[in-house]
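Quick look at final-v7.cif (mmCIF, C-alpha atoms and all ligand atoms):
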data_data
loop_
_atom_site.label_atom_id
_atom_site.label_comp_id
_atom_site.auth_asym_id
_atom_site.auth_seq_id
_atom_site.Cartn_x
_atom_site.Cartn_y
_atom_site.Cartn_z
CA MET D 56 140.71 72.03 -4.07
CA THR D 57 138.23 72.28 -1.24
CA PRO D 58 134.64 72.00 -2.40
CA LEU D 59 132.72 75.26 -2.26
CA ALA D 60 130.06 75.43 0.43
CA LEU D 61 127.11 76.71 -1.54
CA PRO D 62 124.62 79.01 0.15
CA THR D 63 120.96 77.98 0.19
CA PHE D 64 117.60 79.68 0.18
CA GLU D 65 117.63 79.60 4.00
CA ASP D 66 120.58 82.00 3.83
CA VAL D 67 118.56 84.31 1.58
CA ARG D 68 115.73 84.22 4.13
CA ALA D 69 118.14 85.10 6.92
CA ALA D 70 119.42 87.99 4.79
CA ALA D 71 115.86 89.24 4.34
CA GLN D 72 115.48 89.34 8.12
CA ARG D 73 118.70 91.35 8.49
CA LEU D 74 117.53 93.77 5.80
CA HIS D 75 114.05 94.20 7.25
CA GLY D 76 113.55 97.86 8.11
CA GLN D 77 116.98 98.73 6.61
CA ALA D 78 116.47 98.22 2.86
CA HIS D 79 113.44 99.57 1.05
CA ARG D 80 110.85 97.01 0.07
CA THR D 81 110.84 98.24 -3.53
CA PRO D 82 107.60 98.42 -5.53
CA VAL D 83 106.43 95.92 -8.12
CA LEU D 84 105.01 97.86 -11.06
CA ARG D 85 102.97 96.93 -14.12
CA CYS D 86 102.56 98.49 -17.55
CA ALA D 87 99.34 97.79 -19.45
CA THR D 88 100.85 98.82 -22.80
CA LEU D 89 103.67 96.33 -22.50
CA ASP D 90 101.35 93.56 -21.31
CA GLN D 91 99.28 94.14 -24.41
CA GLN D 92 102.31 94.20 -26.72
CA LEU D 93 103.68 90.94 -25.33
CA GLY D 94 100.33 89.31 -24.60
CA ALA D 95 101.76 88.54 -21.15
CA GLN D 96 101.57 89.74 -17.56
CA VAL D 97 104.82 91.51 -16.73
CA PHE D 98 105.84 92.37 -13.16
CA PHE D 99 108.71 94.83 -12.74
CA LYS D 100 110.66 94.60 -9.47
CA CYS D 101 112.06 98.12 -9.22
CA GLU D 102 115.45 98.10 -7.52
CA ASN D 103 116.13 101.44 -9.18
CA PHE D 104 114.13 102.70 -6.19
CA GLN D 105 116.34 100.87 -3.66
CA ARG D 106 118.51 102.86 -1.23
CA MET D 107 121.51 104.37 -3.07
CA GLY D 108 119.73 103.54 -6.31
CA ALA D 109 120.47 99.85 -6.88
CA PHE D 110 120.03 96.34 -5.44
CA LYS D 111 123.70 96.34 -4.36
CA PHE D 112 122.68 97.82 -1.01
CA ARG D 113 121.10 94.48 -0.12
CA GLY D 114 124.27 92.41 -0.50
CA ALA D 115 126.58 94.97 1.05
CA PHE D 116 124.41 95.48 4.11
CA ASN D 117 123.88 91.75 4.56
CA ALA D 118 127.66 91.20 4.50
CA LEU D 119 128.61 94.07 6.82
CA ALA D 120 125.82 93.27 9.29
CA GLN D 121 127.57 89.95 9.97
CA PHE D 122 130.96 91.44 10.91
CA THR D 123 132.31 90.62 14.37
CA PRO D 124 133.00 93.58 16.72
CA GLU D 125 136.67 93.24 15.84
CA GLN D 126 135.99 93.36 12.10
CA LYS D 127 133.75 96.38 12.63
CA ARG D 128 136.52 98.27 14.40
CA ALA D 129 139.00 97.78 11.54
CA GLY D 130 136.29 98.41 8.94
CA VAL D 131 135.65 97.31 5.39
CA VAL D 132 137.60 97.70 2.15
CA ALA D 133 136.16 97.23 -1.33
CA TYR D 134 136.85 98.25 -4.90
CA SER D 135 134.32 99.38 -7.46
CA SER D 136 133.77 101.98 -10.12
CA GLY D 137 130.10 102.12 -9.36
CA ASN D 138 127.21 100.90 -7.30
CA HIS D 139 129.07 98.48 -5.03
CA ALA D 140 131.14 101.41 -3.72
CA GLN D 141 128.07 103.40 -2.76
CA ALA D 142 126.41 100.32 -1.29
CA ILE D 143 129.41 99.55 0.95
CA ALA D 144 129.82 103.20 1.94
CA LEU D 145 126.16 103.60 2.92
CA SER D 146 126.01 100.25 4.76
CA ALA D 147 129.21 101.05 6.68
CA ARG D 148 127.81 104.39 7.76
CA MET D 149 124.54 102.80 8.90
CA LEU D 150 126.42 100.15 10.88
CA GLY D 151 128.94 102.61 12.31
CA MET D 152 132.18 101.30 10.81
CA PRO D 153 134.94 102.86 8.69
CA ALA D 154 134.99 102.11 4.94
CA THR D 155 137.77 102.46 2.37
CA LEU D 156 136.78 102.36 -1.30
CA ILE D 157 139.29 101.86 -4.08
CA MET D 158 137.84 103.62 -7.10
CA PRO D 159 139.22 104.50 -10.54
CA HIS D 160 140.25 108.15 -10.69
CA ASP D 161 138.09 108.51 -13.80
CA ALA D 162 134.96 107.11 -12.11
CA SER D 163 131.90 109.29 -12.64
CA PRO D 164 132.09 112.44 -10.48
CA ALA D 165 128.56 111.74 -9.23
CA LYS D 166 129.56 108.29 -7.98
CA LEU D 167 132.75 109.58 -6.31
CA ALA D 168 130.78 112.36 -4.64
CA ALA D 169 128.04 109.99 -3.48
CA THR D 170 130.59 107.56 -2.02
CA ARG D 171 132.41 110.36 -0.18
CA GLY D 172 129.07 111.79 0.86
CA TYR D 173 128.38 108.60 2.80
CA GLY D 174 131.58 109.27 4.74
CA ALA D 175 133.83 106.67 3.10
CA HIS D 176 137.54 107.14 2.49
CA VAL D 177 138.24 106.98 -1.27
CA VAL D 178 141.59 105.76 -2.64
CA HIS D 179 142.14 106.25 -6.37
CA TYR D 180 143.67 103.85 -8.84
CA ASP D 181 144.35 103.73 -12.55
CA ARG D 182 142.04 101.16 -14.13
CA TYR D 183 144.42 100.46 -17.01
CA SER D 184 147.68 100.08 -15.09
CA GLU D 185 146.81 99.13 -11.50
CA ASP D 186 145.13 96.09 -9.99
CA ALA D 187 142.35 97.20 -7.63
CA MET D 188 141.87 93.72 -6.25
CA ALA D 189 145.55 93.52 -5.25
CA MET D 190 145.32 96.96 -3.62
CA ALA D 191 142.26 95.88 -1.64
CA ARG D 192 143.97 92.69 -0.49
CA GLN D 193 147.04 94.66 0.55
CA LEU D 194 145.00 97.11 2.63
CA SER D 195 143.21 94.19 4.13
CA ALA D 196 146.49 92.45 5.06
CA GLU D 197 148.20 95.60 6.38
CA GLN D 198 145.34 97.25 8.24
CA GLY D 199 143.09 94.35 9.15
CA MET D 200 140.19 95.63 7.09
CA THR D 201 137.77 93.03 5.79
CA PHE D 202 137.59 92.85 2.01
CA ILE D 203 134.08 92.52 0.57
CA PRO D 204 133.98 91.69 -3.16
CA PRO D 205 131.13 92.93 -5.37
CA PHE D 206 129.55 89.55 -6.19
CA ASP D 207 131.58 86.43 -5.41
CA HIS D 208 130.74 86.17 -1.71
CA PRO D 209 127.99 84.13 -0.03
CA HIS D 210 126.68 86.99 2.13
CA VAL D 211 126.66 89.37 -0.82
CA LEU D 212 124.80 87.09 -3.22
CA CYS D 213 122.28 86.04 -0.56
CA GLY D 214 121.53 89.70 0.15
CA GLN D 215 120.99 90.25 -3.58
CA GLY D 216 118.58 87.30 -3.64
CA THR D 217 116.16 89.11 -1.32
CA ALA D 218 114.81 91.29 -4.15
CA ALA D 219 113.44 88.24 -5.99
CA LEU D 220 112.26 86.78 -2.68
CA GLU D 221 110.13 89.91 -2.16
CA LEU D 222 108.85 89.70 -5.71
CA PHE D 223 107.61 86.11 -5.32
CA GLU D 224 106.18 86.84 -1.88
CA GLU D 225 104.21 89.73 -3.30
CA ILE D 226 102.89 88.32 -6.56
CA GLY D 227 103.20 84.55 -6.26
CA GLU D 228 104.70 82.20 -8.81
CA LEU D 229 106.02 83.20 -12.22
CA ASP D 230 106.69 81.38 -15.48
CA HIS D 231 109.80 83.41 -16.36
CA LEU D 232 112.20 85.70 -14.52
CA PHE D 233 114.71 87.94 -16.35
CA VAL D 234 117.68 89.18 -14.30
CA CYS D 235 120.46 91.66 -15.17
CA LEU D 236 123.85 89.97 -15.04
CA GLY D 237 127.45 91.09 -14.45
CA GLY D 238 129.44 88.88 -12.09
CA GLY D 239 126.36 86.90 -11.12
CA GLY D 240 125.57 87.98 -7.55
CA LEU D 241 122.07 89.17 -8.37
CA LEU D 242 121.37 86.23 -10.68
CA SER D 243 122.59 83.49 -8.35
CA GLY D 244 120.72 84.94 -5.37
CA SER D 245 117.57 85.39 -7.44
CA ALA D 246 117.81 81.80 -8.65
CA LEU D 247 117.95 80.52 -5.04
CA SER D 248 114.73 82.43 -4.32
CA ALA D 249 113.07 81.24 -7.52
CA ARG D 250 113.89 77.57 -6.94
CA ALA D 251 112.38 77.77 -3.43
CA LEU D 252 109.34 79.95 -4.06
CA SER D 253 108.47 79.26 -7.70
CA PRO D 254 110.16 75.98 -8.64
CA HIS D 255 108.89 75.90 -12.24
CA CYS D 256 109.91 79.46 -13.04
CA LYS D 257 112.49 79.69 -15.83
CA VAL D 258 115.32 81.96 -14.67
CA TYR D 259 117.44 83.84 -17.23
CA GLY D 260 120.53 85.96 -16.75
CA VAL D 261 120.97 88.75 -19.28
CA GLU D 262 124.39 90.19 -20.06
CA PRO D 263 125.61 92.62 -22.71
CA GLU D 264 126.14 91.01 -26.12
CA ALA D 265 129.59 92.67 -26.25
CA GLY D 266 130.59 90.77 -23.10
CA ASN D 267 128.93 87.37 -23.08
CA ASP D 268 131.48 85.68 -20.82
CA VAL D 269 128.80 84.05 -18.66
CA GLN D 270 126.94 82.73 -21.70
CA GLN D 271 130.20 81.19 -22.95
CA SER D 272 130.92 79.83 -19.48
CA PHE D 273 127.40 78.44 -19.07
CA ARG D 274 127.58 76.64 -22.42
CA SER D 275 131.08 75.26 -21.96
CA GLY D 276 130.70 74.39 -18.26
CA GLN D 277 133.92 76.27 -17.42
CA ARG D 278 134.46 79.86 -16.45
CA VAL D 279 135.60 81.80 -19.54
CA ARG D 280 137.54 85.05 -19.15
CA ILE D 281 137.14 87.79 -21.78
CA PRO D 282 138.70 91.24 -22.23
CA THR D 283 136.74 94.00 -20.46
CA PRO D 284 133.77 94.45 -22.80
CA VAL D 285 132.91 97.78 -24.42
CA THR D 286 129.22 98.45 -23.72
CA ILE D 287 126.99 101.16 -22.26
CA ALA D 288 126.04 98.65 -19.53
CA ASP D 289 128.83 99.80 -17.20
CA GLY D 290 127.58 97.68 -14.30
CA ALA D 291 128.07 94.51 -16.33
CA GLN D 292 131.58 95.00 -17.72
CA THR D 293 132.88 92.00 -15.82
CA PRO D 294 135.53 89.89 -17.58
CA LEU D 295 134.91 86.75 -15.50
CA VAL D 296 131.93 85.32 -13.60
CA GLY D 297 132.48 84.51 -9.91
CA GLU D 298 133.42 81.02 -8.76
CA LEU D 299 130.59 80.71 -6.26
CA THR D 300 128.09 82.55 -8.43
CA PHE D 301 128.93 80.32 -11.40
CA GLU D 302 128.34 77.13 -9.40
CA LEU D 303 124.88 78.40 -8.42
CA ILE D 304 124.13 79.63 -11.94
CA ARG D 305 125.03 76.21 -13.39
CA ARG D 306 122.70 74.49 -10.96
CA HIS D 307 119.73 76.81 -10.87
CA VAL D 308 119.61 79.04 -13.97
CA ASP D 309 117.90 77.99 -17.20
CA ASP D 310 119.77 80.08 -19.73
CA ILE D 311 122.00 83.10 -20.27
CA LEU D 312 120.75 85.62 -22.84
CA THR D 313 122.29 88.78 -24.24
CA ALA D 314 121.15 92.27 -25.23
CA THR D 315 122.73 94.78 -27.59
CA ASP D 316 123.43 98.38 -26.59
CA ALA D 317 120.72 99.53 -29.04
CA GLN D 318 118.19 97.29 -27.28
CA LEU D 319 119.26 98.73 -23.94
CA VAL D 320 118.67 102.26 -25.19
CA GLN D 321 115.28 101.22 -26.47
CA ALA D 322 114.36 99.76 -23.06
CA MET D 323 115.67 102.88 -21.31
CA HIS D 324 113.47 104.95 -23.58
CA PHE D 325 110.48 102.77 -22.77
CA TYR D 326 111.00 103.09 -19.01
CA ALA D 327 111.32 106.88 -19.22
CA GLU D 328 108.42 107.44 -21.57
CA ARG D 329 105.91 104.81 -20.47
CA MET D 330 106.71 104.26 -16.82
CA LYS D 331 108.28 107.64 -15.91
CA MET D 332 111.35 105.92 -14.51
CA VAL D 333 115.07 106.55 -14.79
CA VAL D 334 116.79 103.18 -15.28
CA GLU D 335 120.53 102.94 -15.87
CA PRO D 336 121.72 101.09 -18.99
CA THR D 337 122.72 97.96 -17.03
CA GLY D 338 119.29 97.92 -15.39
CA CYS D 339 117.72 97.69 -18.86
CA LEU D 340 119.25 94.29 -19.67
CA SER D 341 116.34 92.27 -18.27
CA LEU D 342 113.60 94.03 -20.23
CA ALA D 343 115.71 94.13 -23.40
CA ALA D 344 115.95 90.33 -23.37
CA ALA D 345 112.29 89.84 -22.46
CA CYS D 346 111.41 91.84 -25.58
CA HIS D 347 114.10 90.68 -28.01
CA ALA D 348 115.69 87.36 -27.01
CA GLY D 349 112.97 85.24 -28.57
CA VAL D 350 111.58 83.60 -25.41
CA PRO D 351 107.87 82.90 -26.08
CA LEU D 352 105.97 84.82 -23.39
CA LYS D 353 102.37 84.80 -24.67
CA GLY D 354 99.94 84.09 -21.86
CA GLN D 355 102.76 83.84 -19.31
CA ARG D 356 103.54 85.53 -16.01
CA VAL D 357 106.88 87.27 -16.40
CA GLY D 358 109.16 88.91 -13.82
CA VAL D 359 111.59 91.62 -14.93
CA LEU D 360 114.15 92.58 -12.32
CA ILE D 361 115.29 96.18 -12.79
CA SER D 362 118.69 96.34 -11.09
CA GLY D 363 119.39 100.06 -10.73
CA GLY D 364 118.82 103.65 -11.73
CA ASN D 365 122.17 105.36 -11.24
CA VAL D 366 123.01 107.14 -14.45
CA ASP D 367 124.45 110.58 -14.87
CA LEU D 368 121.57 112.73 -16.14
CA GLN D 369 123.66 114.19 -18.94
CA ARG D 370 124.60 110.70 -20.07
CA PHE D 371 120.94 109.65 -19.77
CA ALA D 372 119.85 112.52 -22.02
CA GLN D 373 122.62 111.71 -24.52
CA LEU D 374 121.63 108.05 -24.71
CA LEU D 375 117.95 108.88 -25.14
CA GLN D 376 118.78 111.01 -28.15
CA GLN D 377 120.02 107.95 -30.01
CA ASN D 378 117.39 106.49 -32.28
CA PRO D 379 115.43 104.20 -29.95
CA THR D 380 114.03 101.98 -32.68
CA GLN D 381 117.27 101.08 -34.42
CA ASP D 382 118.37 97.55 -33.64
C1 LIG D 401 126.31 95.35 -10.15
C2 LIG D 401 125.17 95.59 -11.03
C3 LIG D 401 124.68 94.60 -11.91
C4 LIG D 401 125.33 93.24 -12.02
O1 LIG D 401 125.21 92.54 -10.82
P1 LIG D 401 126.07 91.21 -10.55
O2 LIG D 401 125.66 90.79 -9.20
O3 LIG D 401 127.51 91.61 -10.63
O4 LIG D 401 125.72 90.25 -11.61
C5 LIG D 401 123.55 94.88 -12.66
N1 LIG D 401 122.95 96.06 -12.60
C6 LIG D 401 123.37 97.05 -11.78
C7 LIG D 401 122.64 98.34 -11.76
C8 LIG D 401 124.50 96.85 -10.96
O5 LIG D 401 124.92 97.82 -10.16
#

Rendering of file as structure tokens:
Amino acid sequence: MTPLALPTFEDVRAAAQRLHGQAHRTPVLRCATLDQQLGAQVFFKCENFQRMGAFKFRGAFNALAQFTPEQKRAGVVAYSSGNHAQAIALSARMLGMPATLIMPHDASPAKLAATRGYGAHVVHYDRYSEDAMAMARQLSAEQGMTFIPPFDHPHVLCGQGTAALELFEEIGELDHLFVCLGGGGLLSGSALSARALSPHCKVYGVEPEAGNDVQQSFRSGQRVRIPTPVTIADGAQTPLVGELTFELIRRHVDDILTATDAQLVQAMHFYAERMKMVVEPTGCLSLAAACHAGVPLKGQRVGVLISGGNVDLQRFAQLLQQNPTQD
């Protein structure tokens, strides 16, 4: 096995330069009520306000911006049921290259429409009987398109790391940083930024309790595969952490925490009611763990990375009707 060449914070910095003027510099918000409840200073980095509604734009754009002219001509292929598809489609349009997205035929109509709206070609697959990764690799082999995975890619994870870079640049060092976690692109990139800009900051990944594959992997030191978890956090239904992302997580992350679906609904409720924000269930993981995972935060400076805000409004309303205080 060839050793993995691990990206460094310098690569995250270079990504930030590529994204300058292309990605939104998203706001860092505060909430006095929450600060009082926790006895802490909490800083929310709001990637729900990023272009296309999630941090995924950062990684996709950073990857596509590094294509050679030849790669640009043949275009990009990716698979995703959600935000990665929109991120690739939008980035490809901005950079003037064709994009093919392999998406489940039962993906949310809003996400399919948004992806097509950015001018991408959508190919459907059946998520229970077909292998999207194999389809992407086949298109890539037959038509010369470059395959960009959703998290396990150095350019993708370094792009994702620019959100935390901006957070530290804006507010200085932190004691704790909570990051939403699926395949680990956002977490590994954030950890590179934290280690460089706030070396003592404890960095936590937060995944759904129903799918704690990264927690199991982190504790055992080996990547653990689980069946696709059943959770409302649809952006974190990954069965297996990335190879590259796991190496970085092992080196730079302090712990992996989990949140239940009920805690996610409670956090979603909080964001809507107190901060007037729409945050998708997966984007609620970080706050849910800050409030419920038992990390002592009194007197501390705490970063909460909100990963995205793309949720069907009907679904949003449905979820908010569930009792927000049940645990
Ligand atoms: C993709 C995604 C995640 C998980 O990101 P990874 O880089 O796969 O860990 C979390 N939240 C949202 C909103 C996402 O779209």

Computed interatomic separation between atom CA of Tyr326 of chain D and atom CA of Asn365 of chain D (Å):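 So the answer is 13.8 Å.
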
Closest of D:Phe122, D:Phe110, D:Phe325, D:Tyr134 to Gly240 of chain D - atom-to-atom distances counting all atoms listed in the file: D:Phe110

Contact residues around segment 178-190 of chain D with all atoms listed in the file at 9 Å, ignoring same-chain residues under 6 positions, as a list in words: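 The contact residues come out as Ala133, Tyr134, Ser135, Thr155, Leu156, Ile157, Met158, Pro159, His160, Asp161 and Pro204 of chain D.
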
Contacts of segment 256-260 of chain D at 7 Å (all atoms listed in the file; same-chain gap of 4+ positions) as a list in words: Leu229, Asp230, His231, Leu232, Phe233, Val234, Cys235, Leu236, Leu242, Ala246, Ala249, Val308, Asp309, Asp310, Ile311 and Leu312 of chain D

Between atom CA of Thr315 of chain D and atom CA of Leu295 of chain D, distance in Å (one decimal):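 Computing the Euclidean distance for atom CA of Thr315 of chain D and atom CA of Leu295 of chain D yields 18.9 Å.
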
Using all atoms listed in the file, which residues of chain D come within 7 Å of ligand LIG 401 (chain D), and what is the closest atom pair for each, with the distance in Å to one decimal? Give it as a tab-separated table, sorted by chain and residue number.
residue	atom	partner	partner_atom	distance
D:Ala109	CA	D:LIG401	C7	5.6
D:Phe110	CA	D:LIG401	O5	7.0
D:Lys111	CA	D:LIG401	O5	6.1
D:Gly137	CA	D:LIG401	O5	6.8
D:Asn138	CA	D:LIG401	O5	4.8
D:His139	CA	D:LIG401	C1	6.6
D:Pro205	CA	D:LIG401	O3	6.5
D:Phe206	CA	D:LIG401	O2	5.1
D:Cys235	CA	D:LIG401	C5	5.1
D:Leu236	CA	D:LIG401	O4	3.9
D:Gly237	CA	D:LIG401	O4	3.4
D:Gly238	CA	D:LIG401	O3	3.6
D:Gly239	CA	D:LIG401	O4	3.4
D:Gly240	CA	D:LIG401	O2	3.3
D:Leu241	CA	D:LIG401	O2	4.0
D:Leu242	CA	D:LIG401	O4	6.0
D:Gly290	CA	D:LIG401	C2	4.6
D:Ala291	CA	D:LIG401	C4	5.3
D:Glu335	CA	D:LIG401	C7	6.5
D:Thr337	CA	D:LIG401	N1	4.8
D:Gly338	CA	D:LIG401	C7	5.0
D:Ser362	CA	D:LIG401	C7	4.5
D:Gly363	CA	D:LIG401	C7	3.8
D:Gly364	CA	D:LIG401	C7	6.5

Point-to-point distance from atom CA of Arg274 of chain D to atom CA of Phe301 of chain D, Å rounded to tenths: 11.7 Å

Polymer residues at most 8 Å from Ser146 of chain D, all atoms listed in the file, same-chain spacing of 2 or more positions, as a list of chain:residue names: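 Returned residues: D:Phe112, D:Ala115, D:Phe116, D:Leu119, D:Ala142, D:Ile143, D:Ala144, D:Arg148, D:Met149, D:Leu150.
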
May I have the centre and edge lengths, in Å to one decimal, of an axis-aligned box around the listed atoms of segment 117-120 of chain D with 6 Å added to every side, as JSON?
{"center_x": 126.2, "center_y": 92.6, "center_z": 6.9, "size_x": 16.7, "size_y": 14.9, "size_z": 16.8}

Residue with smallest distance to Gln318 of chain D - pool D:Ala344, D:Val177, D:Val131, D:Cys213, counting all atoms listed in the file: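 Closest to Gln318 of chain D of all the choices is D:Ala344.
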
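Within the 12 Å cut-off around Ala60 of chain D, using all atoms listed in the file and omitting residues fewer than 6 positions from it on the same chain, the listed residues are His208, Pro209, Glu298, Leu299, Thr300, Glu302 and Leu303 of chain D.
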
May I have a table of the residues of segment 232-277 of chain D lying at most 12 Å from segment 66-90 of chain D, giving each one's closest pair of atoms and their distance in Å to one decimal, counting all atoms listed in the file, ordered by chain and ascending residue number, as a tab-separated table?
residue	atom	partner	partner_atom	distance
D:Leu241	CA	D:Val67	CA	11.6
D:Ser243	CA	D:Val67	CA	10.7
D:Gly244	CA	D:Val67	CA	7.3
D:Ser245	CA	D:Val67	CA	9.1
D:Ala246	CA	D:Val67	CA	10.6
D:Leu247	CA	D:Val67	CA	7.7
D:Ser248	CA	D:Val67	CA	7.3
D:Ala249	CA	D:Val67	CA	11.1
D:Arg250	CA	D:Val67	CA	11.8
D:Ala251	CA	D:Val67	CA	10.3
D:Leu252	CA	D:Arg68	CA	11.2

Create the file for the chosen residues now, containing C-alpha atoms and written as a compact mmCIF listing (two decimals), in the frame of the given file.
# COMPACT_ATOMS: atom_id res chain seq x y z
CA LEU D 241 122.07 89.17 -8.37
CA SER D 243 122.59 83.49 -8.35
CA GLY D 244 120.72 84.94 -5.37
CA SER D 245 117.57 85.39 -7.44
CA ALA D 246 117.81 81.80 -8.65
CA LEU D 247 117.95 80.52 -5.04
CA SER D 248 114.73 82.43 -4.32
CA ALA D 249 113.07 81.24 -7.52
CA ARG D 250 113.89 77.57 -6.94
CA ALA D 251 112.38 77.77 -3.43
CA LEU D 252 109.34 79.95 -4.06

Proximity to Asp367 of chain D - best of D:Thr217, D:Ser275, D:Gln355, D:Ser163, all atoms listed in the file: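 Of D:Thr217, D:Ser275, D:Gln355, D:Ser163, the one nearest Asp367 of chain D is D:Ser163, counting all atoms listed in the file.
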
Give me the residues within 8 Å of Lys166 of chain D as an mmCIF file with C-alpha atoms, in the coordinates of the input, counting only C-alpha atoms and dropping any in the same chain fewer than 2 places off.
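Dumped everything to part-v6.cif:
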data_model
loop_
_atom_site.group_PDB
_atom_site.id
_atom_site.type_symbol
_atom_site.label_atom_id
_atom_site.label_comp_id
_atom_site.auth_asym_id
_atom_site.auth_seq_id
_atom_site.Cartn_x
_atom_site.Cartn_y
_atom_site.Cartn_z
ATOM 1 C CA SER D 136 133.770 101.980 -10.120
ATOM 2 C CA GLY D 137 130.100 102.120 -9.360
ATOM 3 C CA ASN D 138 127.210 100.900 -7.300
ATOM 4 C CA GLN D 141 128.070 103.400 -2.760
ATOM 5 C CA ALA D 162 134.960 107.110 -12.110
ATOM 6 C CA SER D 163 131.900 109.290 -12.640
ATOM 7 C CA PRO D 164 132.090 112.440 -10.480
ATOM 8 C CA ALA D 168 130.780 112.360 -4.640
ATOM 9 C CA ALA D 169 128.040 109.990 -3.480
ATOM 10 C CA THR D 170 130.590 107.560 -2.020
#
